[in-house]
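Enquirer: My structure is in input.cif, and what it holds is mmCIF, C-alpha atoms:
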```cif
data_work
loop_
_atom_site.label_atom_id
_atom_site.label_comp_id
_atom_site.auth_asym_id
_atom_site.auth_seq_id
_atom_site.Cartn_x
_atom_site.Cartn_y
_atom_site.Cartn_z
CA MET M 1 11.73 46.34 21.77
CA ILE M 2 13.07 49.89 22.29
CA GLY M 3 12.35 51.39 25.71
CA LYS M 4 10.76 54.81 26.23
CA PRO M 5 13.99 56.54 27.40
CA LEU M 6 15.85 55.30 24.31
CA ARG M 7 13.01 56.43 22.02
CA THR M 8 13.09 59.84 23.68
CA LEU M 9 16.87 60.06 23.19
CA ILE M 10 16.60 59.08 19.51
CA SER M 11 13.81 61.63 19.00
CA TRP M 12 15.92 64.44 20.50
CA LEU M 13 18.94 63.40 18.40
CA LEU M 14 16.80 63.56 15.25
CA LEU M 15 15.44 66.97 16.27
CA LEU M 16 18.86 68.34 17.24
CA PRO M 17 19.87 69.65 13.75
CA ILE M 18 16.57 71.54 13.44
CA ILE M 19 16.92 72.97 16.95
CA ILE M 20 20.47 74.16 16.21
CA VAL M 21 19.41 75.83 12.94
CA ILE M 22 16.49 77.59 14.66
CA LEU M 23 18.36 78.70 17.77
CA PHE M 24 21.67 79.68 16.14
CA PRO M 25 20.57 83.19 14.99
CA PHE M 26 19.11 83.90 18.43
CA ALA M 27 22.33 82.74 20.12
CA VAL M 28 24.40 85.04 17.90
CA MET M 29 21.96 87.89 18.59
CA LEU M 30 22.18 87.39 22.36
CA SER M 31 25.98 87.04 22.34
CA THR M 32 26.47 90.20 20.26
CA ALA M 33 24.00 92.19 22.38
CA LEU M 34 26.00 91.37 25.52
CA LYS M 35 29.39 92.39 24.05
CA ARG M 36 31.12 95.75 24.21
CA LYS M 37 31.39 97.62 20.92
CA ASP M 38 35.17 97.21 20.64
CA GLU M 39 34.78 93.46 21.19
CA VAL M 40 32.30 93.18 18.30
CA PHE M 41 34.66 94.88 15.82
CA THR M 42 37.66 92.60 16.17
CA PHE M 43 39.27 90.32 13.59
CA THR M 44 39.29 87.38 15.97
CA LEU M 45 35.87 85.74 16.09
CA THR M 46 34.56 85.02 19.59
CA TRP M 47 31.25 83.26 20.18
CA PHE M 48 30.91 84.29 23.82
CA PRO M 49 31.41 87.77 25.36
CA LYS M 50 34.47 88.21 27.57
CA GLU M 51 32.16 89.76 30.16
CA ILE M 52 28.41 90.26 30.34
CA TYR M 53 27.82 93.88 29.30
CA PHE M 54 24.36 95.51 29.60
CA GLY M 55 25.49 98.95 28.42
CA ASN M 56 23.99 98.37 24.96
CA PHE M 57 20.50 98.05 26.45
CA ALA M 58 21.06 101.10 28.66
CA GLU M 59 22.12 103.15 25.61
CA LEU M 60 19.09 101.94 23.68
CA PHE M 61 16.54 102.92 26.31
CA LEU M 62 18.19 105.93 27.98
CA GLU M 63 19.85 107.68 25.01
CA LEU M 64 17.95 106.47 21.93
CA GLY M 65 14.45 106.26 23.47
CA PHE M 66 13.80 102.70 22.36
CA GLY M 67 11.20 102.19 25.10
CA ARG M 68 8.94 104.66 23.32
CA ALA M 69 9.27 102.67 20.08
CA ILE M 70 8.33 99.45 21.92
CA PHE M 71 5.26 101.16 23.39
CA ASN M 72 4.27 102.46 19.93
CA SER M 73 4.56 98.97 18.44
CA LEU M 74 2.52 97.44 21.27
CA TYR M 75 -0.23 100.07 20.94
CA ILE M 76 -0.48 99.67 17.16
CA SER M 77 -0.28 95.87 17.15
CA LEU M 78 -2.85 95.39 19.92
CA GLY M 79 -5.17 97.96 18.31
CA ALA M 80 -4.89 96.34 14.87
CA THR M 81 -5.54 92.90 16.39
CA LEU M 82 -8.66 94.04 18.25
CA VAL M 83 -10.09 95.95 15.26
CA SER M 84 -9.36 93.06 12.88
CA LEU M 85 -11.04 90.53 15.19
CA ALA M 86 -14.05 92.77 15.84
CA LEU M 87 -14.75 92.96 12.11
CA ALA M 88 -13.51 89.52 11.05
CA LEU M 89 -15.52 87.50 13.60
CA PRO M 90 -19.01 88.38 12.29
CA ALA M 91 -17.78 88.29 8.68
CA ALA M 92 -16.28 84.80 9.09
CA TYR M 93 -19.41 83.57 10.91
CA ALA M 94 -21.63 84.87 8.12
CA LEU M 95 -19.46 83.24 5.44
CA SER M 96 -19.45 79.96 7.36
CA ARG M 97 -23.09 79.75 8.44
CA LEU M 98 -25.36 81.98 6.34
CA PRO M 99 -26.55 81.28 2.77
CA ILE M 100 -25.02 84.36 1.09
CA ARG M 101 -25.18 84.72 -2.68
CA GLY M 102 -21.72 85.13 -4.20
CA LYS M 103 -19.99 83.74 -1.11
CA GLY M 104 -17.47 81.76 -3.18
CA PHE M 105 -16.54 84.84 -5.24
CA PHE M 106 -16.09 86.95 -2.10
CA THR M 107 -13.87 84.42 -0.34
CA GLY M 108 -11.80 84.12 -3.53
CA TYR M 109 -11.49 87.91 -3.65
CA LEU M 110 -10.24 87.95 -0.06
CA LEU M 111 -7.62 85.36 -0.97
CA ILE M 112 -6.45 87.38 -3.99
CA THR M 113 -5.97 90.49 -1.86
CA GLN M 114 -3.38 88.59 0.18
CA MET M 115 -1.31 88.07 -2.97
CA ILE M 116 -0.86 91.83 -3.48
CA SER M 117 2.29 93.25 -1.91
CA PRO M 118 1.46 96.01 0.62
CA ILE M 119 4.25 98.19 -0.83
CA VAL M 120 2.16 98.59 -4.03
CA LEU M 121 -0.67 100.24 -2.10
CA ILE M 122 1.34 102.43 0.25
CA LEU M 123 1.53 105.48 -2.03
CA GLY M 124 -2.26 105.53 -2.46
CA LEU M 125 -2.79 105.04 1.27
CA PHE M 126 -0.34 107.84 2.05
CA ARG M 127 -2.18 110.27 -0.24
CA MET M 128 -5.54 109.27 1.28
CA PHE M 129 -4.34 109.62 4.89
CA ALA M 130 -2.62 112.92 4.04
CA ALA M 131 -5.87 114.29 2.58
CA LEU M 132 -7.67 113.28 5.80
CA GLY M 133 -4.93 114.79 8.00
CA LEU M 134 -4.03 111.40 9.50
CA ILE M 135 -0.26 111.36 8.87
CA ASN M 136 1.72 110.83 12.08
CA SER M 137 -1.23 109.15 13.74
CA HIS M 138 -0.98 105.76 15.44
CA ASN M 139 -4.74 105.31 15.11
CA ALA M 140 -4.46 105.77 11.34
CA LEU M 141 -1.79 103.08 11.23
CA ILE M 142 -4.10 100.77 13.22
CA ILE M 143 -6.73 101.28 10.50
CA GLY M 144 -4.16 100.59 7.78
CA HIS M 145 -2.85 97.43 9.44
CA SER M 146 -6.40 96.20 10.09
CA ALA M 147 -7.29 96.69 6.43
CA PHE M 148 -4.26 94.67 5.32
CA PHE M 149 -4.59 91.79 7.77
CA MET M 150 -8.39 91.48 8.05
CA ALA M 151 -8.75 89.27 4.97
CA PHE M 152 -6.24 86.85 6.43
CA ALA M 153 -8.15 86.84 9.74
CA VAL M 154 -11.47 86.19 7.97
CA TRP M 155 -9.98 83.26 6.06
CA MET M 156 -8.47 81.67 9.18
CA LEU M 157 -11.62 82.11 11.26
CA LYS M 158 -13.92 80.85 8.51
CA SER M 159 -11.79 77.72 8.09
CA TYR M 160 -12.05 77.05 11.82
CA PHE M 161 -15.77 77.86 12.04
CA ASP M 162 -16.48 75.34 9.26
CA THR M 163 -15.17 72.56 11.52
CA VAL M 164 -17.65 73.34 14.33
CA PRO M 165 -20.83 71.21 14.04
CA LYS M 166 -24.05 73.15 13.53
CA ASP M 167 -25.88 70.78 15.88
CA LEU M 168 -24.67 72.70 18.94
CA GLU M 169 -26.20 75.98 17.78
CA GLU M 170 -29.37 74.25 16.60
CA ALA M 171 -29.76 72.68 20.05
CA ALA M 172 -29.49 76.13 21.61
CA TRP M 173 -32.13 77.47 19.19
CA MET M 174 -34.42 74.58 20.15
CA ASP M 175 -34.04 75.67 23.79
CA GLY M 176 -35.21 79.16 22.89
CA ALA M 177 -31.89 80.99 22.50
CA SER M 178 -31.64 83.63 19.78
CA ARG M 179 -28.94 83.37 17.09
CA LEU M 180 -26.96 86.17 18.78
CA ARG M 181 -27.14 84.47 22.20
CA ALA M 182 -26.17 81.10 20.70
CA PHE M 183 -23.25 82.80 18.94
CA GLY M 184 -21.95 84.43 22.12
CA ALA M 185 -22.72 81.70 24.68
CA ILE M 186 -22.24 78.49 22.67
CA PHE M 187 -20.30 79.15 19.48
CA LEU M 188 -17.55 81.58 20.54
CA PRO M 189 -16.28 79.59 23.58
CA ILE M 190 -15.78 76.55 21.34
CA CYS M 191 -13.83 78.66 18.84
CA ILE M 192 -11.35 80.18 21.32
CA PRO M 193 -8.36 78.15 19.95
CA GLY M 194 -9.05 79.37 16.40
CA ILE M 195 -9.55 82.95 17.61
CA ALA M 196 -6.30 82.75 19.61
CA VAL M 197 -4.31 81.55 16.60
CA THR M 198 -5.79 84.28 14.41
CA SER M 199 -4.99 86.90 17.06
CA ILE M 200 -1.37 85.73 17.28
CA PHE M 201 -0.75 85.87 13.56
CA THR M 202 -2.46 89.26 13.22
CA PHE M 203 -0.45 90.66 16.13
CA VAL M 204 2.86 89.32 14.77
CA ASN M 205 2.13 90.61 11.25
CA SER M 206 1.35 94.07 12.63
CA TRP M 207 4.35 93.98 15.00
CA ASN M 208 6.78 93.19 12.16
CA GLU M 209 5.25 95.55 9.57
CA TYR M 210 7.85 98.03 8.37
CA ALA M 211 7.05 99.81 5.08
CA MET M 212 3.72 101.37 6.09
CA SER M 213 5.01 102.40 9.51
CA LEU M 214 8.03 104.07 7.91
CA THR M 215 5.82 105.94 5.42
CA MET M 216 2.97 107.04 7.69
CA LEU M 217 4.91 108.00 10.82
CA ARG M 218 7.23 110.93 10.10
CA ASP M 219 8.39 111.96 13.59
CA ALA M 220 11.15 109.97 15.31
CA ASP M 221 9.24 109.65 18.60
CA MET M 222 6.23 108.20 16.76
CA GLN M 223 8.10 105.37 15.02
CA THR M 224 7.76 101.68 15.77
CA ALA M 225 10.46 99.28 16.99
CA PRO M 226 11.27 97.67 13.56
CA VAL M 227 11.77 101.14 12.03
CA GLN M 228 14.02 102.26 14.90
CA VAL M 229 16.13 99.10 14.58
CA ALA M 230 16.53 99.75 10.84
CA PHE M 231 17.66 103.34 11.56
CA LEU M 232 20.48 102.03 13.74
CA THR M 233 22.23 100.71 10.62
CA GLY M 234 22.92 104.20 9.29
CA THR M 235 24.27 106.10 12.28
CA LEU M 236 27.77 107.58 12.46
CA TYR M 237 28.91 106.02 9.15
CA GLU M 238 29.09 102.55 10.65
CA ILE M 239 26.79 99.68 11.48
CA GLU M 240 26.52 99.40 15.24
CA TRP M 241 25.86 95.68 15.47
CA ASN M 242 25.92 95.70 19.27
CA LEU M 243 22.97 98.14 19.37
CA ILE M 244 21.15 96.45 16.49
CA MET M 245 21.36 93.03 18.15
CA ALA M 246 20.24 94.50 21.50
CA GLY M 247 17.28 96.22 19.82
CA THR M 248 16.37 93.08 17.85
CA LEU M 249 16.52 90.99 21.01
CA VAL M 250 14.22 93.36 22.87
CA THR M 251 11.84 93.45 19.88
CA THR M 252 11.47 89.66 19.84
CA ILE M 253 10.64 89.38 23.56
CA PRO M 254 6.94 90.45 23.44
CA VAL M 255 6.22 88.05 20.58
CA ALA M 256 8.04 85.22 22.37
CA ILE M 257 6.06 85.87 25.57
CA ILE M 258 2.76 85.79 23.69
CA PHE M 259 3.67 82.57 21.86
CA SER M 260 4.79 80.81 25.04
CA GLY M 261 1.75 81.99 27.00
CA ILE M 262 -0.88 80.62 24.63
CA GLN M 263 0.99 77.82 22.88
CA GLY M 264 -1.69 75.38 24.06
CA TYR M 265 -4.34 77.28 22.09
CA LEU M 266 -1.90 77.52 19.18
CA VAL M 267 -1.52 73.74 18.92
CA ARG M 268 -5.25 73.14 19.29
CA GLY M 269 -6.10 75.84 16.78
CA LEU M 270 -3.65 74.64 14.15
CA SER M 271 -4.75 71.04 14.53
CA VAL M 272 -8.18 72.13 13.19
CA GLY M 273 -11.39 71.08 14.82
CA GLY M 274 -13.31 72.83 17.53
CA VAL M 275 -15.18 69.64 18.47
CA LYS M 276 -14.06 66.13 17.59
#
```
Could you write out this file's structure as structure tokens?
Expert:
Amino acid sequence: MIGKPLRTLISWLLLLPIIIVILFPFAVMLSTALKRKDEVFTFTLTWFPKEIYFGNFAELFLELGFGRAIFNSLYISLGATLVSLALALPAAYALSRLPIRGKGFFTGYLLITQMISPIVLILGLFRMFAALGLINSHNALIIGHSAFFMAFAVWMLKSYFDTVPKDLEEAAWMDGASRLRAFGAIFLPICIPGIAVTSIFTFVNSWNEYAMSLTMLRDADMQTAPVQVAFLTGTLYEIEWNLIMAGTLVTTIPVAIIFSGIQGYLVRGLSVGGVK
């Protein structure tokens, strides 16, 4: 019989190729971000920097104003997540619990909207926001992101709500609670893992969105982090990989912190089932 330590060692050996493939791009990103510019552009390949150099991050934040882009991305992503959840929660509850005529057609329509590339709709959105005077507005971009990602949020929440037994709400109704009170006091606490997973995916989708942010935000100090990183590729007739890798590394940190902070909810939410 194989002991537990040996089983653990075999498991890690089997997982090792996947771990290397996943972590390799991040290792290259970190190594390049900590190198001097002249060390990046050499013919001899070096995996590790000769010395730890933080000047790339200083140039990003002090000279290129990357901190403002990070703040813009956080504001837009958090706003889009809150607006999407505020509208998707009651919609998903209604689709899961109420006898609505045409419910199957509506849920199918929501699924079809996710198959349309956002780039197809950007020109129409730009003309609409321009007519309303909302170009160069972060709040307008929050509305645009919410419109794109709300269908996805409704689908995820409805799938999770369907797994929650109706008996719990019916018991609350029998005790005299209204449907709204049963929804807030009984139903929502059970659904926190599903809500957390939906929030994460909505936040990450909004954080990484590029085309709409590039189109709607015209001023440099209004742009988001992904757009600013893309602009670094065209400066001074050369690709400044040291700055690009530093900017990309900084851009991944908020998402990594969020994932690590609520990974317990993520596992429970993805495993489906509010109550076993």
Enquirer: Just so the selection is clear, what residues does the PyMOL selection byres ((chain M and resi 110) around 12) cover here, as a PyMOL selection string?
Expert: chain M and resi 88+91-92+95+103-109+111-116+147-156+158
Enquirer: Find, counting only C-alpha atoms, the residue in M:Ala211, M:Ala177, M:Ala196, M:Ala182 that gets nearest to M:His145.
Expert: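 Closest to M:His145 of all the choices is M:Ala211.
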Enquirer: Let me know the centre plus edge lengths, in Å and rounded to one decimal, of a box with edges along x, y and z that contains all listed atoms of stretch 34-47 of chain M and is padded by 3 Å on every side, as AutoDock Vina command-line options.
Expert:
```
--center_x 32.6 --center_y 90.4 --center_z 19.6 --size_x 19.3 --size_y 20.4 --size_z 17.9
```
Enquirer: Using all atoms listed in the file, find each residue in stretch 136-248 of chain M having at least one atom no more than 12 Å away from stretch 36-50 of chain M; report its shortest atom-to-atom pair and that distance in Å (one decimal), rows by chain then rising number, as JSON lines.
Expert:
```
{"residue": "M:Glu238", "atom": "CA", "partner": "M:Phe41", "partner_atom": "CA", "distance": 10.8}
{"residue": "M:Ile239", "atom": "CA", "partner": "M:Phe41", "partner_atom": "CA", "distance": 10.2}
{"residue": "M:Glu240", "atom": "CA", "partner": "M:Lys37", "partner_atom": "CA", "distance": 7.7}
{"residue": "M:Trp241", "atom": "CA", "partner": "M:Val40", "partner_atom": "CA", "distance": 7.5}
{"residue": "M:Asn242", "atom": "CA", "partner": "M:Lys37", "partner_atom": "CA", "distance": 6.0}
{"residue": "M:Leu243", "atom": "CA", "partner": "M:Lys37", "partner_atom": "CA", "distance": 8.6}
{"residue": "M:Ile244", "atom": "CA", "partner": "M:Lys37", "partner_atom": "CA", "distance": 11.2}
{"residue": "M:Met245", "atom": "CA", "partner": "M:Val40", "partner_atom": "CA", "distance": 10.9}
{"residue": "M:Ala246", "atom": "CA", "partner": "M:Arg36", "partner_atom": "CA", "distance": 11.3}
```
Enquirer: Find the residues near M:Gln228: any atom within 10 Å, counting only C-alpha atoms, skip ones fewer than 2 places away on the same chain, and give them as a PDB file with C-alpha atoms, keeping the file's coordinate frame.
Expert:
```
ATOM      1  CA  LEU M  64      17.950 106.470  21.930  1.00  0.00           C
ATOM      2  CA  GLY M  65      14.450 106.260  23.470  1.00  0.00           C
ATOM      3  CA  PHE M  66      13.800 102.700  22.360  1.00  0.00           C
ATOM      4  CA  ALA M  69       9.270 102.670  20.080  1.00  0.00           C
ATOM      5  CA  ILE M  70       8.330  99.450  21.920  1.00  0.00           C
ATOM      6  CA  TYR M 210       7.850  98.030   8.370  1.00  0.00           C
ATOM      7  CA  LEU M 214       8.030 104.070   7.910  1.00  0.00           C
ATOM      8  CA  ALA M 220      11.150 109.970  15.310  1.00  0.00           C
ATOM      9  CA  ASP M 221       9.240 109.650  18.600  1.00  0.00           C
ATOM     10  CA  MET M 222       6.230 108.200  16.760  1.00  0.00           C
ATOM     11  CA  GLN M 223       8.100 105.370  15.020  1.00  0.00           C
ATOM     12  CA  THR M 224       7.760 101.680  15.770  1.00  0.00           C
ATOM     13  CA  ALA M 225      10.460  99.280  16.990  1.00  0.00           C
ATOM     14  CA  PRO M 226      11.270  97.670  13.560  1.00  0.00           C
ATOM     15  CA  ALA M 230      16.530  99.750  10.840  1.00  0.00           C
ATOM     16  CA  PHE M 231      17.660 103.340  11.560  1.00  0.00           C
ATOM     17  CA  LEU M 232      20.480 102.030  13.740  1.00  0.00           C
ATOM     18  CA  THR M 233      22.230 100.710  10.620  1.00  0.00           C
ATOM     19  CA  ILE M 244      21.150  96.450  16.490  1.00  0.00           C
ATOM     20  CA  GLY M 247      17.280  96.220  19.820  1.00  0.00           C
ATOM     21  CA  THR M 248      16.370  93.080  17.850  1.00  0.00           C
TER      22      THR M 248
END
```
Enquirer: What's the separation between atom CA of M:Arg127 and atom CA of M:Ile143, in Å to one decimal place?
Expert: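 Atom CA of M:Ile143 lies 14.7 Å from atom CA of M:Arg127.
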Enquirer: For each of M:Leu34, M:Ile19, M:Ala171, M:Met212, take the minimum atom-to-atom distance to M:Ser117, counting all atoms listed in the file, then give the residue where this is smallest.
Expert: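 Of M:Leu34, M:Ile19, M:Ala171, M:Met212, the one nearest M:Ser117, counting all atoms listed in the file, is M:Met212.
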Enquirer: Nearest residue to M:Ala130 out of M:Leu9, M:Met216, M:Leu23, M:Leu87, using all atoms listed in the file?
Expert: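 Closest candidate: M:Met216.
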Enquirer: Which value, in Å to one decimal, gives the distance between atom CA of M:Gly79 and atom CA of M:Leu249?
Expert: 22.9 Å
Enquirer: Any idea what the distance is between atom CA of M:Cys191 and atom CA of M:Phe161?
Expert: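 Result for atom CA of M:Cys191 versus atom CA of M:Phe161: 7.1 Å, one decimal.
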Enquirer: Restricting the calculation to all atoms listed in the file, which member of M:Pro254, M:Gly176, M:Gly133, M:Pro25 is positioned closest to M:Ser73?
Expert: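 Nearest candidate to M:Ser73 out of M:Pro254, M:Gly176, M:Gly133, M:Pro25: M:Pro254.
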Enquirer: Rank nothing, just name the residue among M:Ile22, M:Ser31, M:Phe71, M:Val83 nearest to M:Thr202, using only C-alpha atoms.
Expert: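 Result for the nearest residue to M:Thr202: M:Val83.
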Enquirer: With only C-alpha atoms as the atoms that count, which of M:Asn139, M:Phe24, M:Phe187, M:Ile119 lies nearest to M:Tyr93?
Expert: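 Nearest candidate to M:Tyr93 out of M:Asn139, M:Phe24, M:Phe187, M:Ile119: M:Phe187.
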Enquirer: Please identify all polymer residues within 10 Å of M:Val255, counting only C-alpha atoms, omitting same-chain residues fewer than 2 positions from it, and present them as an MDAnalysis selection string.
Expert: chainID M and resid 200 203:204 207:208 250:253 257:261
